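Below: target_21.txt (compact mmCIF, C-alpha atoms)
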```txt
# COMPACT_ATOMS: atom_id res chain seq x y z
CA MET A 6 150.14 77.26 110.56
CA LEU A 7 150.76 77.20 114.30
CA ARG A 8 147.39 77.37 115.99
CA THR A 9 143.69 77.99 115.46
CA GLN A 10 141.13 79.38 117.91
CA LYS A 11 137.37 79.49 117.46
CA LEU A 12 135.86 82.92 116.89
CA GLY A 13 132.13 83.64 116.82
CA GLU A 14 129.76 81.33 114.96
CA ALA A 15 131.94 79.98 112.18
CA ASP A 16 135.23 81.91 112.13
CA ARG A 17 138.69 81.15 113.42
CA ILE A 18 141.65 83.20 114.55
CA VAL A 19 144.69 81.55 113.00
CA THR A 20 148.29 82.05 114.06
CA LEU A 21 150.95 81.72 111.39
CA LEU A 22 154.73 81.79 111.39
CA THR A 23 155.71 83.51 108.16
CA ARG A 24 159.06 83.77 106.42
CA GLU A 25 159.06 87.54 106.02
CA HIS A 26 156.65 88.88 108.64
CA GLY A 27 157.35 86.65 111.63
CA ARG A 28 154.38 85.54 113.71
CA VAL A 29 151.06 86.82 112.39
CA ARG A 30 147.53 86.41 113.78
CA CYS A 31 144.63 86.82 111.40
CA VAL A 32 140.93 86.03 111.04
CA ALA A 33 139.63 83.36 108.68
CA ARG A 34 135.91 83.96 108.09
CA GLY A 35 133.47 81.06 107.79
CA VAL A 36 136.14 78.35 107.83
CA ARG A 37 134.34 76.22 110.41
CA LYS A 38 131.46 75.64 108.02
CA THR A 39 131.67 72.40 106.05
CA SER A 40 131.11 74.44 102.87
CA SER A 41 134.31 76.45 103.42
CA ARG A 42 136.82 76.06 100.60
CA ILE A 43 139.80 77.08 102.68
CA GLY A 44 139.00 75.55 106.08
CA ALA A 45 140.88 72.33 105.38
CA ARG A 46 143.96 74.30 104.29
CA LEU A 47 144.04 76.31 107.52
CA GLU A 48 144.84 73.52 109.92
CA PRO A 49 147.90 73.42 112.19
CA PHE A 50 151.02 71.87 110.56
CA SER A 51 149.98 73.10 107.09
CA HIS A 52 152.64 74.91 105.06
CA VAL A 53 150.69 77.41 103.01
CA ASP A 54 150.97 80.35 100.64
CA ILE A 55 148.48 82.84 102.08
CA GLN A 56 147.09 86.24 101.12
CA LEU A 57 145.80 88.60 103.83
CA TYR A 58 144.07 91.96 103.68
CA SER A 59 144.08 94.55 106.43
CA GLY A 60 141.26 94.51 108.97
CA LYS A 61 140.35 96.70 111.97
CA SER A 62 142.46 94.90 114.52
CA LEU A 63 143.49 91.65 112.82
CA ASP A 64 144.13 90.97 109.15
CA ASN A 65 141.67 88.79 107.22
CA VAL A 66 142.47 85.73 105.13
CA SER A 67 141.45 86.05 101.49
CA GLN A 68 143.28 83.22 99.69
CA VAL A 69 145.18 80.11 100.73
CA GLU A 70 147.17 77.62 98.66
CA THR A 71 148.64 74.49 100.22
CA LEU A 72 152.39 73.98 99.82
CA ALA A 73 152.57 70.94 102.10
CA SER A 74 149.88 69.44 104.30
CA HIS A 75 151.43 67.41 107.10
CA GLY A 76 148.28 67.24 109.23
CA ALA A 77 146.75 64.06 107.83
CA ARG A 78 149.98 62.10 108.23
CA LEU A 79 150.63 63.40 111.76
CA SER A 80 147.09 63.00 113.10
CA GLY A 81 147.27 59.30 112.15
CA ASP A 82 150.28 58.85 114.44
CA TYR A 83 149.44 60.04 117.94
CA GLY A 84 153.06 60.18 119.13
CA ALA A 85 154.19 62.23 116.12
CA TRP A 86 151.17 64.54 116.45
CA THR A 87 151.85 65.33 120.10
CA ALA A 88 155.56 65.91 119.33
CA GLY A 89 154.60 68.17 116.42
CA THR A 90 152.18 70.13 118.59
CA ALA A 91 155.01 70.78 121.07
CA MET A 92 157.10 72.08 118.14
CA LEU A 93 154.30 74.44 117.09
CA GLU A 94 153.89 75.78 120.63
CA THR A 95 157.66 76.26 120.93
CA ALA A 96 157.74 78.21 117.65
CA GLU A 97 154.98 80.45 118.99
CA ARG A 98 156.82 81.05 122.27
CA MET A 99 160.12 81.70 120.51
CA THR A 100 158.55 84.50 118.49
CA PRO A 101 156.97 86.64 121.23
CA GLU A 102 156.70 89.80 119.13
CA GLU A 103 154.16 89.75 116.32
CA ARG A 104 155.41 90.76 112.88
CA GLU A 105 159.05 90.61 113.89
CA PRO A 106 160.80 88.61 111.12
CA SER A 107 162.37 85.37 112.32
CA VAL A 108 163.62 83.59 109.21
CA GLN A 109 165.74 81.05 111.08
CA GLN A 110 162.89 79.95 113.37
CA TYR A 111 160.67 79.69 110.30
CA ALA A 112 163.17 77.55 108.36
CA LEU A 113 163.82 75.37 111.40
CA LEU A 114 160.12 74.68 111.93
CA VAL A 115 159.45 73.93 108.26
CA SER A 116 162.32 71.43 108.09
CA GLY A 117 161.43 69.94 111.50
CA LEU A 118 157.81 69.32 110.50
CA ARG A 119 158.87 67.88 107.16
CA SER A 120 161.19 65.46 108.94
CA LEU A 121 158.44 64.54 111.43
CA ALA A 122 155.82 63.96 108.73
CA GLY A 123 158.35 61.97 106.67
CA ASN A 124 158.95 59.69 109.67
CA GLU A 125 162.70 60.14 109.14
CA HIS A 126 163.59 59.52 112.79
CA SER A 127 161.85 58.86 116.11
CA ALA A 128 159.30 61.64 116.77
CA THR A 129 160.72 62.43 120.21
CA LEU A 130 164.29 62.65 118.83
CA ILE A 131 163.11 65.08 116.14
CA LEU A 132 161.30 67.10 118.82
CA ASP A 133 164.36 67.27 121.08
CA ALA A 134 166.62 68.22 118.14
CA TYR A 135 164.16 70.94 117.16
CA LEU A 136 163.96 72.30 120.72
CA LEU A 137 167.76 72.42 121.09
CA ARG A 138 168.23 74.16 117.75
CA SER A 139 165.36 76.54 118.36
CA LEU A 140 167.03 77.54 121.64
CA ALA A 141 170.33 77.94 119.79
CA VAL A 142 168.70 80.20 117.17
CA ALA A 143 167.23 82.29 120.01
CA GLY A 144 170.75 82.75 121.43
CA TRP A 145 170.56 80.13 124.17
CA SER A 146 172.72 77.45 122.61
CA PRO A 147 173.53 74.86 125.28
CA SER A 148 177.17 73.81 125.70
CA PHE A 149 177.84 70.07 125.86
CA ASP A 150 181.53 69.65 125.07
CA GLN A 151 183.06 72.48 127.08
CA CYS A 152 182.27 74.24 130.35
CA ALA A 153 179.38 76.64 129.79
CA LYS A 154 180.90 79.11 132.28
CA CYS A 155 184.70 79.12 131.83
CA GLY A 156 185.04 77.33 128.49
CA ALA A 157 187.30 74.56 129.85
CA PRO A 158 187.30 71.67 127.35
CA GLY A 159 185.23 68.63 128.37
CA PRO A 160 183.88 66.13 128.76
CA HIS A 161 182.37 67.31 132.05
CA ARG A 162 180.01 65.44 134.34
CA ALA A 163 177.70 68.14 135.72
CA PHE A 164 174.79 69.80 133.92
CA ALA A 165 173.54 73.17 135.18
CA VAL A 166 170.52 74.60 133.39
CA ALA A 167 171.10 78.14 134.68
CA ALA A 168 174.76 78.08 133.62
CA GLY A 169 173.88 77.04 130.06
CA GLY A 170 174.90 73.39 129.85
CA MET A 171 177.75 71.18 131.08
CA VAL A 172 180.02 72.72 133.71
CA CYS A 173 183.50 71.84 134.99
CA PRO A 174 184.07 70.80 138.67
CA THR A 175 185.27 74.34 139.50
CA CYS A 176 182.23 76.13 138.04
CA ARG A 177 179.67 73.53 139.10
CA PRO A 178 176.90 75.22 141.10
CA PRO A 179 175.13 73.34 143.92
CA GLY A 180 172.23 71.23 142.75
CA SER A 181 173.63 70.52 139.30
CA ALA A 182 172.41 67.37 137.55
CA ALA A 183 174.77 64.53 136.76
CA PRO A 184 173.53 63.06 133.47
CA SER A 185 174.96 59.90 131.96
CA GLN A 186 177.69 60.22 129.36
CA GLY A 187 175.32 58.66 126.81
CA ALA A 188 172.68 61.37 127.37
CA VAL A 189 175.26 64.14 126.98
CA GLN A 190 176.55 62.57 123.76
CA LEU A 191 172.99 62.25 122.46
CA LEU A 192 172.26 65.91 123.20
CA GLY A 193 175.44 66.93 121.35
CA ALA A 194 174.46 64.70 118.42
CA LEU A 195 170.95 66.19 118.26
CA LEU A 196 172.31 69.73 118.31
CA SER A 197 174.90 69.06 115.63
CA GLY A 198 172.71 66.84 113.44
CA ASP A 199 174.64 63.59 113.93
CA TRP A 200 171.61 61.40 113.29
CA THR A 201 173.56 58.14 112.99
CA ARG A 202 174.60 58.48 116.62
CA ALA A 203 171.20 59.87 117.74
CA ASP A 204 169.18 57.07 116.12
CA SER A 205 171.26 54.41 117.86
CA ALA A 206 170.66 55.82 121.37
CA GLN A 207 168.87 53.53 123.82
CA MET A 208 165.33 54.47 124.90
CA ARG A 209 166.50 55.05 128.51
CA VAL A 210 169.13 57.50 127.30
CA GLN A 211 166.59 59.24 125.03
CA ARG A 212 164.24 59.77 127.97
CA GLU A 213 167.05 61.17 130.12
CA ALA A 214 168.07 63.57 127.33
CA SER A 215 164.45 64.65 126.82
CA GLY A 216 164.20 65.56 130.50
CA LEU A 217 167.31 67.75 130.26
CA VAL A 218 166.03 69.46 127.10
CA ALA A 219 162.67 70.17 128.75
CA ALA A 220 164.35 71.66 131.83
CA PHE A 221 166.65 73.79 129.67
CA LEU A 222 163.73 75.03 127.55
CA GLN A 223 161.55 75.86 130.54
CA TRP A 224 164.36 77.81 132.21
CA HIS A 225 164.92 80.04 129.19
CA LEU A 226 161.29 80.50 128.22
CA GLU A 227 160.38 81.17 131.87
CA HIS A 228 157.21 79.31 131.05
CA GLN A 229 156.17 75.68 130.93
CA LEU A 230 155.06 74.44 127.53
CA ARG A 231 151.59 72.98 127.98
CA SER A 232 151.99 70.51 125.15
CA LEU A 233 155.38 69.16 126.27
CA ARG A 234 153.98 67.19 129.23
CA LEU A 235 151.42 65.61 126.88
CA VAL A 236 153.96 64.31 124.35
CA ASP A 237 153.32 60.60 123.86
CA ARG A 238 156.66 58.86 124.39
CA GLN A 239 155.46 55.22 124.04
CA MET B 22 127.99 104.37 129.57
CA TYR B 23 124.43 103.92 130.77
CA GLU B 24 123.18 104.26 134.33
CA GLY B 25 123.78 101.44 136.82
CA ILE B 26 121.65 98.41 136.17
CA VAL B 27 121.22 98.99 132.41
CA GLN B 28 125.00 99.04 131.97
CA ASP B 29 125.25 95.92 134.16
CA LEU B 30 122.82 94.15 131.83
CA ILE B 31 124.81 95.22 128.74
CA ASP B 32 128.04 94.04 130.38
CA GLU B 33 126.52 90.66 131.30
CA LEU B 34 125.11 90.13 127.80
CA GLY B 35 128.45 91.16 126.31
CA ARG B 36 130.12 88.28 128.14
CA LEU B 37 128.08 85.74 126.14
CA PRO B 38 129.89 84.01 123.26
CA GLY B 39 129.45 85.74 119.92
CA VAL B 40 127.83 88.84 121.47
CA GLY B 41 129.82 92.05 121.00
CA PRO B 42 129.20 95.42 122.71
CA LYS B 43 126.78 96.65 120.01
CA SER B 44 124.76 93.43 120.01
CA ALA B 45 124.68 93.46 123.83
CA GLN B 46 123.29 97.00 123.77
CA ARG B 47 120.65 96.03 121.18
CA ILE B 48 119.52 92.98 123.18
CA ALA B 49 119.44 95.02 126.41
CA PHE B 50 117.12 97.64 124.87
CA HIS B 51 114.98 94.89 123.38
CA ILE B 52 114.57 93.46 126.89
CA LEU B 53 113.72 96.92 128.28
CA ALA B 54 111.04 97.39 125.64
CA ALA B 55 109.65 93.83 125.83
CA ASP B 56 106.52 92.70 127.64
CA PRO B 57 107.41 91.96 131.32
CA VAL B 58 105.78 88.50 131.02
CA ASP B 59 108.15 87.53 128.18
CA VAL B 60 111.17 88.77 130.11
CA LEU B 61 110.17 86.89 133.27
CA ARG B 62 109.65 83.71 131.21
CA LEU B 63 113.20 84.10 129.86
CA ALA B 64 114.55 84.66 133.37
CA ASP B 65 112.69 81.59 134.68
CA THR B 66 113.98 79.44 131.85
CA LEU B 67 117.57 80.53 132.55
CA ARG B 68 117.14 79.69 136.23
CA GLN B 69 115.53 76.31 135.46
CA VAL B 70 118.30 75.40 133.04
CA LYS B 71 120.93 76.02 135.69
CA ASP B 72 118.90 74.23 138.38
CA GLN B 73 117.70 71.20 136.44
CA VAL B 74 120.05 70.43 133.56
CA ARG B 75 122.93 68.10 134.35
CA PHE B 76 125.13 65.67 132.46
CA CYS B 77 123.92 62.12 131.87
CA GLU B 78 125.76 59.78 134.24
CA VAL B 79 126.12 57.18 131.46
CA CYS B 80 127.01 59.05 128.27
CA GLY B 81 127.80 62.63 129.36
CA ASN B 82 125.06 64.19 127.22
CA VAL B 83 122.92 66.98 128.71
CA ALA B 84 119.96 65.58 130.64
CA GLN B 85 117.25 66.62 133.06
CA GLU B 86 117.39 63.34 134.95
CA GLN B 87 120.26 61.09 135.97
CA GLN B 88 120.23 59.56 132.50
CA CYS B 89 119.48 61.31 129.21
CA ARG B 90 116.51 60.47 126.97
CA ILE B 91 118.65 58.35 124.62
CA CYS B 92 120.25 56.27 127.38
CA ARG B 93 116.79 55.58 128.88
CA ASP B 94 115.26 54.55 125.53
CA PRO B 95 115.02 50.70 125.40
CA ARG B 96 114.53 50.76 121.61
CA ARG B 97 118.07 52.01 120.99
CA ASP B 98 120.69 49.49 119.83
CA VAL B 99 123.08 48.99 122.75
CA SER B 100 125.65 47.15 120.60
CA ILE B 101 126.75 50.29 118.70
CA LEU B 102 128.31 53.25 120.46
CA CYS B 103 128.95 56.56 118.73
CA VAL B 104 131.70 58.68 120.34
CA VAL B 105 131.32 62.45 119.89
CA GLU B 106 133.07 65.52 121.28
CA GLU B 107 130.12 67.64 122.47
CA PRO B 108 126.38 67.28 123.27
CA LYS B 109 125.58 69.42 120.21
CA ASP B 110 127.17 66.70 118.04
CA VAL B 111 124.56 64.26 119.40
CA VAL B 112 121.82 66.62 118.20
CA ALA B 113 123.46 66.90 114.75
CA ILE B 114 123.64 63.11 114.35
CA GLU B 115 120.11 62.59 115.69
CA LYS B 116 118.81 64.92 112.96
CA THR B 117 120.08 62.47 110.33
CA ARG B 118 117.78 59.69 111.69
CA GLU B 119 120.44 57.25 110.43
CA PHE B 120 121.82 56.14 113.77
CA ARG B 121 119.86 54.08 116.29
CA GLY B 122 122.67 53.17 118.70
CA LYS B 123 123.83 54.98 121.81
CA TYR B 124 126.31 57.81 122.36
CA HIS B 125 129.30 58.69 124.45
CA VAL B 126 130.20 62.38 124.84
CA LEU B 127 133.91 62.99 125.47
CA GLY B 128 133.56 66.63 126.49
CA GLY B 129 136.03 67.89 123.88
CA ALA B 130 139.05 66.71 121.94
CA ILE B 131 142.68 66.18 122.90
CA SER B 132 144.47 69.50 122.41
CA PRO B 133 148.01 69.53 123.85
CA ILE B 134 148.58 73.17 122.86
CA ASP B 135 145.63 74.11 125.12
CA GLY B 136 146.84 71.76 127.85
CA ILE B 137 143.97 69.27 127.27
CA GLY B 138 145.19 65.69 127.44
CA PRO B 139 143.38 62.31 127.45
CA ASP B 140 142.89 62.50 131.24
CA ASP B 141 140.84 65.68 130.86
CA LEU B 142 138.21 63.94 128.71
CA ARG B 143 135.67 61.24 129.53
CA ILE B 144 137.90 58.51 128.08
CA ARG B 145 138.14 56.51 131.30
CA GLU B 146 134.33 56.34 131.40
CA LEU B 147 134.29 55.23 127.74
CA MET B 148 136.70 52.38 128.44
CA ALA B 149 134.57 51.32 131.42
CA ARG B 150 131.49 51.18 129.17
CA LEU B 151 133.36 49.14 126.56
CA ALA B 152 134.53 46.66 129.17
CA ASP B 153 130.89 45.56 129.30
CA THR B 154 130.57 43.06 126.44
CA THR B 155 127.27 44.45 125.08
CA VAL B 156 129.05 46.94 122.76
CA THR B 157 130.41 45.35 119.55
CA GLU B 158 131.06 48.42 117.39
CA VAL B 159 132.42 51.87 118.21
CA ILE B 160 131.94 54.73 115.75
CA LEU B 161 134.45 57.54 116.28
CA ALA B 162 132.56 60.70 115.28
CA THR B 163 134.99 63.34 116.52
CA ASP B 164 135.29 66.53 114.44
CA PRO B 165 137.04 66.18 111.05
CA ASN B 166 139.84 68.54 112.08
CA LEU B 167 143.33 67.68 113.30
CA GLU B 168 142.43 67.52 116.98
CA GLY B 169 139.40 65.35 116.25
CA GLU B 170 141.43 63.06 113.99
CA ALA B 171 144.23 62.72 116.54
CA THR B 172 141.69 62.00 119.29
CA ALA B 173 140.17 59.28 117.07
CA THR B 174 143.64 57.83 116.44
CA TYR B 175 144.31 57.75 120.18
CA LEU B 176 140.95 56.09 120.94
CA ALA B 177 141.39 53.53 118.15
CA ARG B 178 144.76 52.59 119.64
CA LEU B 179 143.17 52.11 123.06
CA ILE B 180 140.15 50.15 121.81
CA ALA B 181 141.97 47.91 119.27
CA PRO B 182 143.13 45.31 121.84
CA MET B 183 139.49 44.80 122.96
CA GLY B 184 138.61 43.18 119.63
CA LEU B 185 135.72 45.55 118.84
CA THR B 186 134.89 46.93 115.42
CA VAL B 187 136.12 50.54 115.33
CA SER B 188 134.97 52.82 112.51
CA ARG B 189 135.44 56.49 111.69
CA LEU B 190 132.91 58.77 110.02
CA ALA B 191 133.66 59.23 106.31
CA SER B 192 135.12 62.51 105.06
CA GLY B 193 134.57 63.87 101.59
CA LEU B 194 132.53 66.02 99.27
CA PRO B 195 129.51 67.94 100.57
CA VAL B 196 126.18 66.90 99.04
CA GLY B 197 124.94 69.44 96.50
CA GLY B 198 128.38 70.91 95.80
CA ASP B 199 130.48 71.06 92.63
CA LEU B 200 133.61 68.92 92.43
CA GLU B 201 135.70 71.76 90.98
CA TYR B 202 135.17 73.87 94.09
CA ALA B 203 136.35 71.22 96.55
CA ASP B 204 139.66 71.91 98.26
CA GLU B 205 142.49 69.45 97.65
CA VAL B 206 142.50 68.10 101.23
CA THR B 207 138.79 67.22 101.20
CA LEU B 208 138.96 65.86 97.64
CA GLY B 209 141.97 63.75 98.61
CA ARG B 210 139.99 62.31 101.53
CA ALA B 211 137.05 61.61 99.23
CA PHE B 212 139.32 59.62 96.93
CA ALA B 213 140.91 57.73 99.80
CA GLY B 214 137.46 56.83 101.17
CA ARG B 215 135.77 56.02 97.84
CA ARG B 216 133.38 53.05 97.80
CA ALA B 217 132.69 50.39 95.22
CA LEU B 218 129.36 50.57 93.39
CA SER B 219 129.58 47.19 91.72
```
This structure in structure tokens:
Amino acid sequence: MLRTQKLGEADRIVTLLTREHGRVRCVARGVRKTSSRIGARLEPFSHVDIQLYSGKSLDNVSQVETLASHGARLSGDYGAWTAGTAMLETAERMTPEEREPSVQQYALLVSGLRSLAGNEHSATLILDAYLLRSLAVAGWSPSFDQCAKCGAPGPHRAFAVAAGGMVCPTCRPPGSAAPSQGAVQLLGALLSGDWTRADSAQMRVQREASGLVAAFLQWHLEHQLRSLRLVDRQ
Amino acid sequence: MYEGIVQDLIDELGRLPGVGPKSAQRIAFHILAADPVDVLRLADTLRQVKDQVRFCEVCGNVAQEQQCRICRDPRRDVSILCVVEEPKDVVAIEKTREFRGKYHVLGGAISPIDGIGPDDLRIRELMARLADTTVTEVILATDPNLEGEATATYLARLIAPMGLTVSRLASGLPVGGDLEYADEVTLGRAFAGRRALS
């Protein structure tokens, strides 16, 4: 479950990311009433088994079974909830076409939310790892250990969002950022899943890396994620 | 399409929440057929609502004066403050006749995916009210959905250092329902929030 929007008196439009049918929007009738049997199952962050039937413009929800409900755990931790919300919005943006299967984005989101709800690592580290991998799945994998333009082996000192990651002195465009070596190493660790190294990163380095990830994401999505600026990083 | 002003009326009615094109057409023809006195009374009421109704400067509830009826009432308990999302939540709680304290209306819930953060709600005003030592307990009565729960978590974190009692409305089984029909999330909450009888 990615998102819900109010519809009419007691209905909701719900947006789902499904394994086989990509992003799907459908109508859940009467779920805002306290007597609804499925309203609690149709909350963002829920991993559900759902049955839909065809409607005029949007499909309608007929049955829902909960596979995993991460909402209660996340809403009790404001930082994790805001990070998770940014993950949901990213998943929605990364699947612009409805009903276009996106198995990798689906699997990435499910595992990311499970890790977030399980409190396996810092919420912002999980978010940044998810964003980097989601970009990689979409074909925008950033390069951290070789020049993104000419492929010259690194380490390099300049980071150019438009070029696709770290760039060598020859390829470096004007206005490139010069991140610390620690931030670059952290980004590489998050992309490759080296959690031992990622978990040991200092808070200052984590913030620097988060800034680079946000810039990289915004460049490729050509759109600012509304939830990203509201992520609680305390 | 109808001629000029009739179509304008249908279009305007169709912009109201929950009113589709067919309903708008039905209401428009009801207005055309209605007694002119009734229609003028409706028009006057709409104009008066826009002219006279404002938000209470203390709690944010709808009011016709600077302060709402509840904030002006000296019989209300000023030591308990109930925090709700919308003015309609105040009406829902007032119907219970269980609460005699005062309210604070946030104007919504935190919703990062819609770009609504803590600064977009009346949280600063809430903290200013709590700085006054008259309030000893805060009841967080935001909606029992994820955004409401997360907003309550955020507020509890802000209020905790002030040493006030912070409580959250209970969640659980609806009165008059059968246990077997409860969904697992609600039933789980009911178990977590069970109370001792002896």
Output as JSON lines one row per residue of chain B within 7 Å of chain A: the closest atom pair and its distance in Å to one decimal place, counting all atoms listed in the file, sorted by chain and residue number ascending.
```
{"residue": "B:Pro38", "atom": "CA", "partner": "A:Gly13", "partner_atom": "CA", "distance": 6.8}
{"residue": "B:Gly39", "atom": "CA", "partner": "A:Gly13", "partner_atom": "CA", "distance": 4.6}
{"residue": "B:Pro133", "atom": "CA", "partner": "A:Ser232", "partner_atom": "CA", "distance": 4.3}
{"residue": "B:Ile134", "atom": "CA", "partner": "A:Ser232", "partner_atom": "CA", "distance": 4.9}
{"residue": "B:Asp135", "atom": "CA", "partner": "A:Arg231", "partner_atom": "CA", "distance": 6.7}
{"residue": "B:Gly136", "atom": "CA", "partner": "A:Arg231", "partner_atom": "CA", "distance": 4.9}
{"residue": "B:Gly138", "atom": "CA", "partner": "A:Leu235", "partner_atom": "CA", "distance": 6.3}
{"residue": "B:Leu167", "atom": "CA", "partner": "A:Ser80", "partner_atom": "CA", "distance": 6.0}
{"residue": "B:Glu170", "atom": "CA", "partner": "A:Ser80", "partner_atom": "CA", "distance": 5.7}
{"residue": "B:Ala171", "atom": "CA", "partner": "A:Ser80", "partner_atom": "CA", "distance": 4.5}
{"residue": "B:Thr174", "atom": "CA", "partner": "A:Gly81", "partner_atom": "CA", "distance": 5.8}
{"residue": "B:Tyr175", "atom": "CA", "partner": "A:Tyr83", "partner_atom": "CA", "distance": 6.0}
{"residue": "B:Ala203", "atom": "CA", "partner": "A:Arg42", "partner_atom": "CA", "distance": 6.3}
{"residue": "B:Asp204", "atom": "CA", "partner": "A:Arg42", "partner_atom": "CA", "distance": 5.5}
{"residue": "B:Val206", "atom": "CA", "partner": "A:Ala45", "partner_atom": "CA", "distance": 6.1}
{"residue": "B:Thr207", "atom": "CA", "partner": "A:Ala45", "partner_atom": "CA", "distance": 6.9}
```
Set the distance at 12 Å and use all atoms listed in the file: which residues neighbour Asp140 (chain B) once local chain neighbours fewer than 5 positions away are removed? I'd like the list as a VMD selection string. (chain A and resid 235) or (chain B and resid 127 to 133 145 to 147)
Print the selection's residues with C-alpha atoms to a file, as a CSV table (one decimal), in the coordinates of the input.
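Output (part.csv):
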```csv
chain,number,residue,atom,x,y,z
A,235,LEU,CA,151.4,65.6,126.9
B,127,LEU,CA,133.9,63.0,125.5
B,128,GLY,CA,133.6,66.6,126.5
B,129,GLY,CA,136.0,67.9,123.9
B,130,ALA,CA,139.0,66.7,121.9
B,131,ILE,CA,142.7,66.2,122.9
B,132,SER,CA,144.5,69.5,122.4
B,133,PRO,CA,148.0,69.5,123.8
B,145,ARG,CA,138.1,56.5,131.3
B,146,GLU,CA,134.3,56.3,131.4
B,147,LEU,CA,134.3,55.2,127.7
```
Which of these residues is nearest to Ile137 (chain B), using only C-alpha atoms: B:Arg121, B:Glu115, B:Arg68, B:Glu168?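 With only C-alpha atoms as the atom set, the closest residue is B:Glu168.
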Selection: 9 Å around Ala153 (chain A), all atoms listed in the file, excl. self and same-chain fewer than 5 positions, as a VMD selection string: chain A and resid 147 to 148 165 168 to 173 176
Work out how far CA of Phe164 (chain A) is from CA of Ala183 (chain A), in Å to one decimal.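 Result for CA of Ala183 (chain A) versus CA of Phe164 (chain A): 6.0 Å, one decimal.
Here CA of Val189 (chain A) stands at a distance of 21.0 Å from CA of Ala143 (chain A).
Pairwise distance (CA of Leu57 (chain A), CA of Val69 (chain A)) equals 9.1 Å.
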My list of candidates is A:Gln56, A:Gln10, A:Gln109, A:Asn65. Which is closest to Gly27 (chain A) when distances are computed with all atoms listed in the file?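 Comparing A:Gln56, A:Gln10, A:Gln109, A:Asn65 against Gly27 (chain A), the winner is A:Gln109.
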Near Ala167 (chain A), within 9 Å and counting all atoms listed in the file, which residues show up once chain neighbours fewer than 3 positions away are dropped, as a list in words? Gly170, Phe221, Trp224 and His225 of chain A
With a distance cut-off of 12 Å and all atoms listed in the file, select the neighbouring residues of region 128-130 of chain A, excluding the residue or stretch itself and same-chain residues fewer than 6 positions from it, and output the selection as a PyMOL selection string. chain A and resi 79+82-92+117-122+136-137+191-192+194-196+198-208+210-216+218-219+233+235-239
Excluding region 18-22 of chain A and any residue of its chain fewer than 4 positions from it, enumerate the residues within 10 Å of it, using all atoms listed in the file, and give them as a VMD selection string. chain A and resid 6 to 13 26 to 34 36 47 to 53 55 63 to 66 93 96 to 97 100 103 to 104 106 to 108 110 to 112 114 to 115
I need the residue nearest Thr172 (chain B) from this list: B:Leu61, B:Val40, B:Leu151, B:Val105. Use all atoms listed in the file for the distance.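 Between B:Leu61, B:Val40, B:Leu151, B:Val105, the residue approaching Thr172 (chain B) most closely is B:Val105.
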My list of candidates is A:Gln223, A:Ala182, A:Arg138, A:Pro158. Which is closest to Ser197 (chain A) when distances are computed with all atoms listed in the file?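 Looking only at the distances to Ser197 (chain A), the closest residue turns out to be A:Arg138.
Using only C-alpha atoms, the shortest contact distance between Ala134 (chain A) and any of A:Thr175, A:Gln68, A:Ser116, A:Gln229 is found at A:Ser116.
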